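*Asks:* Below is target34.pdb; it holds PDB, C-alpha atoms, pLDDT in the B column.
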MODEL        1
ATOM      1  CA  GLY A   1       0.000   0.000   0.000  1.00 86.00           C
ATOM      2  CA  LEU A   2       0.897   3.657   0.141  1.00 94.00           C
ATOM      3  CA  PRO A   3       2.902   5.087   3.050  1.00 95.00           C
ATOM      4  CA  ASP A   4       1.012   6.869   5.816  1.00 95.00           C
ATOM      5  CA  GLY A   5       0.485  10.514   4.960  1.00 96.00           C
ATOM      6  CA  PHE A   6       1.123  10.051   1.257  1.00 97.00           C
ATOM      7  CA  PRO A   7      -0.300  13.174  -0.468  1.00 96.00           C
ATOM      8  CA  LEU A   8      -2.998  11.823  -2.740  1.00 96.00           C
ATOM      9  CA  VAL A   9      -6.262  13.329  -3.948  1.00 95.00           C
ATOM     10  CA  THR A  10      -8.710  10.906  -5.570  1.00 96.00           C
ATOM     11  CA  LEU A  11     -11.133  12.445  -8.047  1.00 96.00           C
ATOM     12  CA  PRO A  12     -14.640  11.087  -8.689  1.00 94.00           C
ATOM     13  CA  PRO A  13     -14.479   8.355 -11.329  1.00 94.00           C
ATOM     14  CA  LEU A  14     -15.977   8.885 -14.763  1.00 95.00           C
ATOM     15  CA  ALA A  15     -18.788   6.341 -14.903  1.00 94.00           C
ATOM     16  CA  VAL A  16     -19.187   6.507 -18.696  1.00 97.00           C
ATOM     17  CA  GLY A  17     -16.304   6.650 -21.123  1.00 97.00           C
ATOM     18  CA  ALA A  18     -15.530   5.887 -24.749  1.00 98.00           C
ATOM     19  CA  SER A  19     -17.083   2.546 -25.722  1.00 97.00           C
ATOM     20  CA  GLN A  20     -17.812   2.978 -29.402  1.00 97.00           C
ATOM     21  CA  GLU A  21     -16.604  -0.560 -30.091  1.00 97.00           C
ATOM     22  CA  HIS A  22     -19.551  -1.905 -28.064  1.00 97.00           C
ATOM     23  CA  ALA A  23     -22.185   0.548 -29.292  1.00 97.00           C
ATOM     24  CA  ASN A  24     -24.046  -2.004 -31.420  1.00 98.00           C
ATOM     25  CA  PHE A  25     -25.043  -3.961 -28.311  1.00 97.00           C
ATOM     26  CA  CYS A  26     -28.187  -2.904 -26.472  1.00 96.00           C
ATOM     27  CA  GLY A  27     -27.567  -1.180 -23.153  1.00 95.00           C
ATOM     28  CA  THR A  28     -24.130   0.194 -23.994  1.00 97.00           C
ATOM     29  CA  LEU A  29     -23.530   3.706 -22.674  1.00 98.00           C
ATOM     30  CA  THR A  30     -20.803   5.623 -24.455  1.00 98.00           C
ATOM     31  CA  LEU A  31     -19.662   9.195 -24.940  1.00 98.00           C
ATOM     32  CA  PRO A  32     -18.146  10.613 -28.124  1.00 98.00           C
ATOM     33  CA  HIS A  33     -14.371  10.493 -28.056  1.00 98.00           C
ATOM     34  CA  GLU A  34     -14.179  14.283 -28.268  1.00 98.00           C
ATOM     35  CA  THR A  35     -16.386  14.593 -25.177  1.00 98.00           C
ATOM     36  CA  VAL A  36     -14.177  12.323 -23.083  1.00 98.00           C
ATOM     37  CA  ILE A  37     -11.070  14.200 -24.200  1.00 99.00           C
ATOM     38  CA  THR A  38     -12.718  17.484 -23.204  1.00 98.00           C
ATOM     39  CA  LEU A  39     -13.686  16.079 -19.786  1.00 98.00           C
ATOM     40  CA  LEU A  40     -10.175  14.858 -19.058  1.00 98.00           C
ATOM     41  CA  GLU A  41      -8.675  18.142 -20.206  1.00 98.00           C
ATOM     42  CA  ALA A  42     -11.105  20.085 -18.010  1.00 98.00           C
ATOM     43  CA  TYR A  43     -10.213  18.007 -14.953  1.00 97.00           C
ATOM     44  CA  GLY A  44      -6.522  18.475 -15.628  1.00 98.00           C
ATOM     45  CA  ALA A  45      -6.799  22.209 -16.266  1.00 98.00           C
ATOM     46  CA  ALA A  46      -8.672  22.691 -12.986  1.00 98.00           C
ATOM     47  CA  LEU A  47      -5.964  20.782 -11.127  1.00 98.00           C
ATOM     48  CA  ALA A  48      -3.242  22.856 -12.772  1.00 98.00           C
ATOM     49  CA  ARG A  49      -4.969  26.079 -11.700  1.00 98.00           C
ATOM     50  CA  ALA A  50      -4.943  24.746  -8.138  1.00 97.00           C
ATOM     51  CA  GLY A  51      -1.228  24.026  -8.353  1.00 97.00           C
ATOM     52  CA  VAL A  52      -1.525  20.252  -8.737  1.00 97.00           C
ATOM     53  CA  LEU A  53       0.779  19.319 -11.594  1.00 97.00           C
ATOM     54  CA  ARG A  54       0.948  15.536 -11.291  1.00 98.00           C
ATOM     55  CA  LEU A  55      -1.974  13.479 -12.534  1.00 98.00           C
ATOM     56  CA  VAL A  56      -2.338   9.702 -12.806  1.00 99.00           C
ATOM     57  CA  LEU A  57      -5.179   8.472 -15.004  1.00 98.00           C
ATOM     58  CA  VAL A  58      -6.249   4.974 -13.934  1.00 98.00           C
ATOM     59  CA  ASN A  59      -8.051   3.089 -16.660  1.00 97.00           C
ATOM     60  CA  ALA A  60      -9.552  -0.402 -16.877  1.00 94.00           C
ATOM     61  CA  HIS A  61     -11.234  -0.119 -20.282  1.00 95.00           C
ATOM     62  CA  GLY A  62      -9.310  -0.411 -23.523  1.00 93.00           C
ATOM     63  CA  GLY A  63     -11.703   1.897 -25.359  1.00 95.00           C
ATOM     64  CA  ASN A  64     -10.473   4.813 -23.250  1.00 97.00           C
ATOM     65  CA  SER A  65      -6.818   4.409 -24.184  1.00 96.00           C
ATOM     66  CA  ALA A  66      -6.852   6.579 -27.308  1.00 97.00           C
ATOM     67  CA  VAL A  67      -8.689   9.493 -25.672  1.00 98.00           C
ATOM     68  CA  MET A  68      -6.368   9.343 -22.668  1.00 98.00           C
ATOM     69  CA  ASP A  69      -3.344   9.555 -24.948  1.00 98.00           C
ATOM     70  CA  ILE A  70      -4.637  12.736 -26.583  1.00 99.00           C
ATOM     71  CA  ALA A  71      -5.825  14.417 -23.376  1.00 99.00           C
ATOM     72  CA  ALA A  72      -2.621  13.602 -21.504  1.00 99.00           C
ATOM     73  CA  LEU A  73      -0.411  15.040 -24.244  1.00 99.00           C
ATOM     74  CA  ARG A  74      -2.466  18.236 -24.349  1.00 99.00           C
ATOM     75  CA  LEU A  75      -2.230  18.644 -20.569  1.00 98.00           C
ATOM     76  CA  ARG A  76       1.522  18.204 -20.740  1.00 98.00           C
ATOM     77  CA  HIS A  77       1.775  20.764 -23.558  1.00 98.00           C
ATOM     78  CA  ARG A  78      -0.674  23.368 -22.274  1.00 97.00           C
ATOM     79  CA  HIS A  79      -0.159  23.169 -18.512  1.00 98.00           C
ATOM     80  CA  GLY A  80       3.297  21.669 -17.990  1.00 97.00           C
ATOM     81  CA  MET A  81       1.820  18.720 -16.125  1.00 98.00           C
ATOM     82  CA  ILE A  82       3.170  15.248 -15.542  1.00 98.00           C
ATOM     83  CA  VAL A  83       0.378  12.950 -16.689  1.00 99.00           C
ATOM     84  CA  VAL A  84       0.769   9.199 -16.239  1.00 99.00           C
ATOM     85  CA  LYS A  85      -1.636   6.768 -17.897  1.00 98.00           C
ATOM     86  CA  TYR A  86      -2.075   3.478 -16.051  1.00 98.00           C
ATOM     87  CA  HIS A  87      -3.931   0.515 -17.507  1.00 96.00           C
ATOM     88  CA  TYR A  88      -3.615  -2.706 -15.538  1.00 94.00           C
ATOM     89  CA  GLN A  89      -3.423  -4.766 -18.733  1.00 91.00           C
ATOM     90  CA  ARG A  90      -0.027  -3.202 -19.408  1.00 93.00           C
ATOM     91  CA  SER A  91       1.345  -4.498 -16.112  1.00 95.00           C
ATOM     92  CA  PRO A  92       3.207  -7.797 -15.997  1.00 95.00           C
ATOM     93  CA  LEU A  93       0.943 -10.655 -15.018  1.00 95.00           C
ATOM     94  CA  PRO A  94       1.377 -12.226 -11.585  1.00 95.00           C
ATOM     95  CA  GLU A  95       2.567 -15.807 -11.308  1.00 94.00           C
ATOM     96  CA  ALA A  96      -0.964 -16.814 -10.314  1.00 93.00           C
ATOM     97  CA  ALA A  97      -2.144 -16.075 -13.855  1.00 96.00           C
ATOM     98  CA  THR A  98       0.175 -18.658 -15.385  1.00 93.00           C
ATOM     99  CA  VAL A  99      -2.512 -21.286 -14.729  1.00 95.00           C
ATOM    100  CA  LEU A 100      -4.327 -19.838 -17.758  1.00 97.00           C
ATOM    101  CA  PRO A 101      -3.492 -20.775 -21.356  1.00 97.00           C
ATOM    102  CA  GLU A 102      -1.383 -18.307 -23.332  1.00 95.00           C
ATOM    103  CA  THR A 103      -4.229 -17.841 -25.811  1.00 96.00           C
ATOM    104  CA  GLU A 104      -6.544 -16.759 -22.989  1.00 97.00           C
ATOM    105  CA  LEU A 105      -4.002 -14.336 -21.555  1.00 96.00           C
ATOM    106  CA  ARG A 106      -3.392 -12.735 -24.939  1.00 94.00           C
ATOM    107  CA  HIS A 107      -6.863 -12.725 -26.467  1.00 96.00           C
ATOM    108  CA  GLY A 108      -9.403 -13.161 -23.647  1.00 96.00           C
ATOM    109  CA  TYR A 109      -9.419  -9.501 -22.709  1.00 93.00           C
ATOM    110  CA  HIS A 110     -13.123  -8.668 -22.694  1.00 94.00           C
ATOM    111  CA  GLY A 111     -15.272 -10.725 -20.373  1.00 96.00           C
ATOM    112  CA  GLY A 112     -12.684 -13.506 -20.253  1.00 98.00           C
ATOM    113  CA  ALA A 113     -10.987 -15.263 -17.360  1.00 98.00           C
ATOM    114  CA  LEU A 114      -9.060 -12.295 -15.929  1.00 98.00           C
ATOM    115  CA  GLU A 115     -11.933  -9.803 -15.853  1.00 98.00           C
ATOM    116  CA  THR A 116     -14.370 -12.434 -14.602  1.00 98.00           C
ATOM    117  CA  ALA A 117     -11.973 -13.490 -11.846  1.00 98.00           C
ATOM    118  CA  MET A 118     -11.653  -9.940 -10.547  1.00 98.00           C
ATOM    119  CA  MET A 119     -15.414  -9.432 -10.690  1.00 98.00           C
ATOM    120  CA  ARG A 120     -15.981 -12.677  -8.777  1.00 98.00           C
ATOM    121  CA  HIS A 121     -13.633 -11.400  -6.084  1.00 98.00           C
ATOM    122  CA  LEU A 122     -14.872  -7.809  -5.901  1.00 98.00           C
ATOM    123  CA  TYR A 123     -18.578  -8.170  -6.762  1.00 98.00           C
ATOM    124  CA  PRO A 124     -19.588 -11.847  -6.488  1.00 97.00           C
ATOM    125  CA  ASP A 125     -23.283 -10.957  -6.269  1.00 97.00           C
ATOM    126  CA  ARG A 126     -23.156  -9.510  -9.795  1.00 97.00           C
ATOM    127  CA  ILE A 127     -21.968 -12.735 -11.416  1.00 96.00           C
ATOM    128  CA  ARG A 128     -24.495 -15.101 -13.000  1.00 96.00           C
ATOM    129  CA  ALA A 129     -22.434 -18.256 -12.781  1.00 94.00           C
ATOM    130  CA  ASP A 130     -24.845 -20.237 -14.942  1.00 96.00           C
ATOM    131  CA  ARG A 131     -24.152 -17.852 -17.847  1.00 96.00           C
ATOM    132  CA  LEU A 132     -20.367 -18.148 -17.853  1.00 97.00           C
ATOM    133  CA  ASP A 133     -19.073 -19.511 -21.143  1.00 98.00           C
ATOM    134  CA  HIS A 134     -16.162 -19.555 -23.555  1.00 98.00           C
ATOM    135  CA  HIS A 135     -16.237 -17.081 -26.452  1.00 98.00           C
ATOM    136  CA  PRO A 136     -13.239 -17.596 -28.755  1.00 97.00           C
ATOM    137  CA  SER A 137     -11.710 -14.535 -30.405  1.00 97.00           C
ATOM    138  CA  SER A 138     -11.266 -14.220 -34.144  1.00 97.00           C
ATOM    139  CA  GLY A 139      -7.998 -12.513 -33.252  1.00 96.00           C
ATOM    140  CA  ALA A 140      -6.719 -15.773 -31.766  1.00 96.00           C
ATOM    141  CA  ASP A 141      -7.621 -17.584 -34.970  1.00 95.00           C
ATOM    142  CA  ARG A 142      -5.758 -15.020 -37.067  1.00 96.00           C
ATOM    143  CA  ALA A 143      -2.703 -15.213 -34.820  1.00 95.00           C
ATOM    144  CA  ALA A 144      -2.687 -19.012 -34.958  1.00 95.00           C
ATOM    145  CA  ALA A 145      -2.762 -18.813 -38.759  1.00 97.00           C
ATOM    146  CA  GLY A 146       0.308 -16.566 -38.750  1.00 97.00           C
ATOM    147  CA  ASN A 147      -1.479 -13.450 -39.967  1.00 97.00           C
ATOM    148  CA  ARG A 148       0.220 -10.123 -39.347  1.00 97.00           C
ATOM    149  CA  VAL A 149      -3.022  -8.131 -39.245  1.00 97.00           C
ATOM    150  CA  GLY A 150      -5.383  -8.566 -36.306  1.00 95.00           C
ATOM    151  CA  PRO A 151      -6.848  -6.929 -33.179  1.00 93.00           C
ATOM    152  CA  GLU A 152      -3.566  -7.220 -31.244  1.00 87.00           C
ATOM    153  CA  ALA A 153      -1.181  -7.978 -34.111  1.00 93.00           C
ATOM    154  CA  GLU A 154       1.728  -6.187 -35.770  1.00 96.00           C
ATOM    155  CA  GLY A 155      -0.823  -4.578 -38.074  1.00 98.00           C
ATOM    156  CA  ASN A 156      -3.263  -3.429 -35.398  1.00 95.00           C
ATOM    157  CA  LEU A 157      -6.787  -3.757 -36.767  1.00 95.00           C
ATOM    158  CA  ALA A 158      -9.545  -1.302 -35.837  1.00 96.00           C
ATOM    159  CA  TRP A 159     -12.354  -3.495 -34.546  1.00 97.00           C
ATOM    160  CA  LEU A 160     -15.855  -3.541 -33.144  1.00 97.00           C
ATOM    161  CA  ALA A 161     -16.715  -6.073 -30.461  1.00 98.00           C
ATOM    162  CA  GLU A 162     -18.771  -8.181 -32.846  1.00 98.00           C
ATOM    163  CA  ASP A 163     -15.736  -8.515 -35.112  1.00 98.00           C
ATOM    164  CA  LEU A 164     -14.035 -10.561 -32.400  1.00 98.00           C
ATOM    165  CA  ASN A 165     -17.029 -12.707 -31.482  1.00 98.00           C
ATOM    166  CA  PRO A 166     -20.734 -12.343 -32.380  1.00 98.00           C
ATOM    167  CA  ALA A 167     -21.561 -12.289 -28.660  1.00 97.00           C
ATOM    168  CA  GLY A 168     -19.500  -9.135 -28.168  1.00 97.00           C
ATOM    169  CA  VAL A 169     -17.226 -10.718 -25.549  1.00 97.00           C
ATOM    170  CA  VAL A 170     -14.055 -12.792 -25.861  1.00 98.00           C
ATOM    171  CA  GLY A 171     -12.337 -15.230 -23.550  1.00 98.00           C
ATOM    172  CA  ASP A 172     -13.140 -18.149 -21.287  1.00 98.00           C
ATOM    173  CA  ALA A 173     -15.053 -16.729 -18.340  1.00 98.00           C
ATOM    174  CA  ARG A 174     -15.408 -20.225 -16.865  1.00 98.00           C
ATOM    175  CA  ARG A 175     -11.756 -20.131 -15.832  1.00 98.00           C
ATOM    176  CA  GLY A 176     -12.127 -16.949 -13.787  1.00 98.00           C
ATOM    177  CA  THR A 177     -12.220 -17.912 -10.109  1.00 98.00           C
ATOM    178  CA  ALA A 178     -12.585 -15.632  -7.097  1.00 98.00           C
ATOM    179  CA  GLU A 179      -9.269 -16.952  -5.747  1.00 98.00           C
ATOM    180  CA  LEU A 180      -7.471 -15.890  -8.913  1.00 98.00           C
ATOM    181  CA  GLY A 181      -9.312 -12.570  -8.829  1.00 98.00           C
ATOM    182  CA  GLU A 182      -8.092 -11.815  -5.307  1.00 98.00           C
ATOM    183  CA  ARG A 183      -4.494 -12.398  -6.350  1.00 98.00           C
ATOM    184  CA  LEU A 184      -4.915 -10.258  -9.446  1.00 98.00           C
ATOM    185  CA  VAL A 185      -6.456  -7.345  -7.533  1.00 98.00           C
ATOM    186  CA  HIS A 186      -3.695  -7.356  -4.911  1.00 98.00           C
ATOM    187  CA  HIS A 187      -1.041  -7.608  -7.611  1.00 98.00           C
ATOM    188  CA  TYR A 188      -2.367  -4.701  -9.654  1.00 98.00           C
ATOM    189  CA  ALA A 189      -2.983  -2.594  -6.536  1.00 97.00           C
ATOM    190  CA  GLY A 190       0.648  -3.080  -5.577  1.00 97.00           C
ATOM    191  CA  ARG A 191       1.809  -2.092  -9.049  1.00 98.00           C
ATOM    192  CA  LEU A 192      -0.353   1.046  -8.936  1.00 98.00           C
ATOM    193  CA  SER A 193       0.926   1.955  -5.473  1.00 98.00           C
ATOM    194  CA  ARG A 194       4.529   1.852  -6.641  1.00 98.00           C
ATOM    195  CA  LEU A 195       3.634   3.822  -9.761  1.00 98.00           C
ATOM    196  CA  LEU A 196       2.018   6.566  -7.663  1.00 98.00           C
ATOM    197  CA  GLN A 197       5.076   6.822  -5.449  1.00 98.00           C
ATOM    198  CA  GLU A 198       7.400   7.012  -8.445  1.00 98.00           C
ATOM    199  CA  THR A 199       5.249   9.697 -10.060  1.00 98.00           C
ATOM    200  CA  ARG A 200       5.452  11.713  -6.851  1.00 97.00           C
ATOM    201  CA  THR A 201       9.246  11.887  -7.081  1.00 96.00           C
ATOM    202  CA  MET A 202       9.512  12.737 -10.776  1.00 97.00           C
ATOM    203  CA  PRO A 203      10.853  16.225 -11.524  1.00 96.00           C
ATOM    204  CA  LEU A 204       8.330  18.520 -13.128  1.00 94.00           C
ATOM    205  CA  PRO A 205       8.991  19.618 -16.719  1.00 89.00           C
ATOM    206  CA  GLY A 206      11.737  22.224 -16.785  1.00 80.00           C
ATOM    207  CA  GLN A 207      13.130  21.208 -13.402  1.00 75.00           C
ATOM    208  CA  GLY A 208      16.418  19.376 -13.342  1.00 58.00           C
ATOM    209  CA  SER A 209      16.024  17.560 -10.048  1.00 52.00           C
ATOM    210  CA  THR A 210      13.375  15.741  -8.076  1.00 52.00           C
ATOM    211  CA  SER A 211      10.623  18.067  -6.889  1.00 49.00           C
ATOM    212  CA  ALA A 212       8.345  17.669  -3.886  1.00 53.00           C
ATOM    213  CA  SER A 213       5.606  19.915  -5.219  1.00 55.00           C
ATOM    214  CA  PRO A 214       2.078  18.491  -5.772  1.00 63.00           C
TER     215      PRO A 214
ENDMDL
END
Show me the file's structure as C-alpha cells.
*Replies:*
Amino acid sequence: GLPDGFPLVTLPPLAVGASQEHANFCGTLTLPHETVITLLEAYGAALARAGVLRLVLVNAHGGNSAVMDIAALRLRHRHGMIVVKYHYQRSPLPEAATVLPETELRHGYHGGALETAMMRHLYPDRIRADRLDHHPSSGADRAAAGNRVGPEAEGNLAWLAEDLNPAGVVGDARRGTAELGERLVHHYAGRLSRLLQETRTMPLPGQGSTSASP
C-alpha cells in the first residue's frame, strides 16, 4: 500500500467513457471520443490552476486508451503537467495467472478469465455463474494462422466487439475464479501503489532535479 500521509487526492471516477466498439449492443452507454477528451482536459486544467501538476489516469477499459493519450499530451503541452496513464493490462501478469493458457491471456481480454476473476472477487453478487461460457476470439484464430493483421497484431486492426465474437465478448469466463481474482487485484494494486510513489518523485517539466511539489 501507500505510506502513511502520502499526499494523494482521488477524483470522482468517470462512470461513462468511450465505448464505441460496443455501441451495437443494447444497453451500452458511451460518450463521443471528443467529449471524453474534453472532460479529461477540463479536470486536468482545474488541477493545474490549483497548483496540482501531477496526474495519474487509472483506466480499466481499452476503449479509453486513445482518448487518454490525446488528453494527456495536451495537458503536458498546455499546462506543464506530468500525466501518467495506467492501464492494468499493461502491467506484468502475476505468477498466479500462469494457470491460464497463453491464448486466454493474450486474447481473452473482454469478459474472459481475468476480468471475470476480478469481478468474482470484488462483486460476487453480480456474477451469473450459470451464464459463464467460452467465447473464442477471431484474433486468436488469425494469430494461430500466422497473420500479421489482427486486433492485437503487428498490423493493429480497428475493430468492433462483434468482429471478435458475435456475442461481443471474448475469452473463457469459466476459468475466472474468485481466488485468482483476489491475487490479481492485490497484484495490480501493488503495481499502482509503486507507480504513484514514483510519479510523486519525478521532476516537473523544466526542473532538473526531483521536486516535492504536488
*Asks:* Exactly which residues make up the result of the PyMOL selection byres ((chain A and resi 14) around 12) on this file, given as a PyMOL selection string?
*Replies:* chain A and resi 10-13+15-18+30-31+35-37+39-40+43+57-61+64
*Asks:* Name the residues that the PyMOL selection byres ((chain A and resi 184) around 9) picks from the file above, as a list in words, using the file's chain letters and numbers.
*Replies:* Leu93, Pro94, Ala96, Ala97, Leu114, Ala117, Met118, Glu179, Leu180, Gly181, Glu182, Arg183, Val185, His186, His187, Tyr188 and Ala189 of chain A
*Asks:* Any chance you could resolve the PyMOL selection byres ((chain A and resi 2-9) around 10) against this file and give the residues as a VMD selection string?
*Replies:* chain A and resid 1 10 to 12 52 55 189 to 190 192 to 194 196 to 197 200 214
*Asks:* Provide the atom CA of A:Gly112 to atom CA of A:Asp133 distance in Å, to one decimal place.
*Replies:* 8.8 Å
*Asks:* Between atom CA of A:Ser137 and atom CA of A:Ala173, what distance in Å does the model show, to one decimal?
*Replies:*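 Computing it gives 12.7 Å between the two atoms.
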*Asks:* Grab the atom CA of A:Pro136 to atom CA of A:Tyr88 distance for me, in Å with one decimal place.
*Replies:*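 These two atoms are separated by 22.1 Å.
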*Asks:* Would you mind telling me which residue in A:Gly139, A:Thr98, A:Gln207, A:Arg54 lies nearest to A:Glu154 when using all atoms listed in the file?
*Replies:*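 Closest to A:Glu154, using all atoms listed in the file: A:Gly139.
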*Asks:* With distances taken over all atoms listed in the file, which of A:Gly44, A:Pro205, A:Gly155, A:Gly111 is nearest to A:Ala72?
*Replies:*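 Closest residue, counting all atoms listed in the file: A:Gly44.
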*Asks:* Taking all listed atoms of stretch 147-160 of chain A, build the axis-aligned box, pad each of the six sides by 3 Å, then write its centre and edge lengths in Å to one decimal as AutoDock Vina command-line options.
*Replies:*
--center_x -7.1 --center_y -7.4 --center_z -35.6 --size_x 23.6 --size_y 18.1 --size_z 14.7
*Asks:* Kindly indicate which residue among A:Val170, A:Ala66, A:Leu73, A:Ala153 lies nearest to A:His110, using only C-alpha atoms for the distances.
*Replies:* A:Val170
*Asks:* Find the residue from A:His22, A:Lys85, A:Arg49, A:Arg74 that sits nearest to A:Trp159; use all atoms listed in the file when measuring.
*Replies:* A:His22
*Asks:* Do you know which residues are at most 10 Å from A:Asp163 counting all atoms listed in the file, after dropping those on the same chain fewer than 3 positions away, and could you put them as a PyMOL selection string?
*Replies:* chain A and resi 21+137-139+151+158-160+166-169
*Asks:* Of the candidates A:Arg191, A:Ser65, A:Cys26, A:Arg142, which one gets nearest to A:Pro92 if we count all atoms listed in the file?
*Replies:*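 Looking at the shortest contact to A:Pro92, the residue is A:Arg191.
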*Asks:* With distances taken over all atoms listed in the file, which residue among A:Gly171, A:Leu204, A:Leu29, A:Arg76 lies nearest A:Leu105?
*Replies:*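 Nearest candidate to A:Leu105 out of A:Gly171, A:Leu204, A:Leu29, A:Arg76: A:Gly171.
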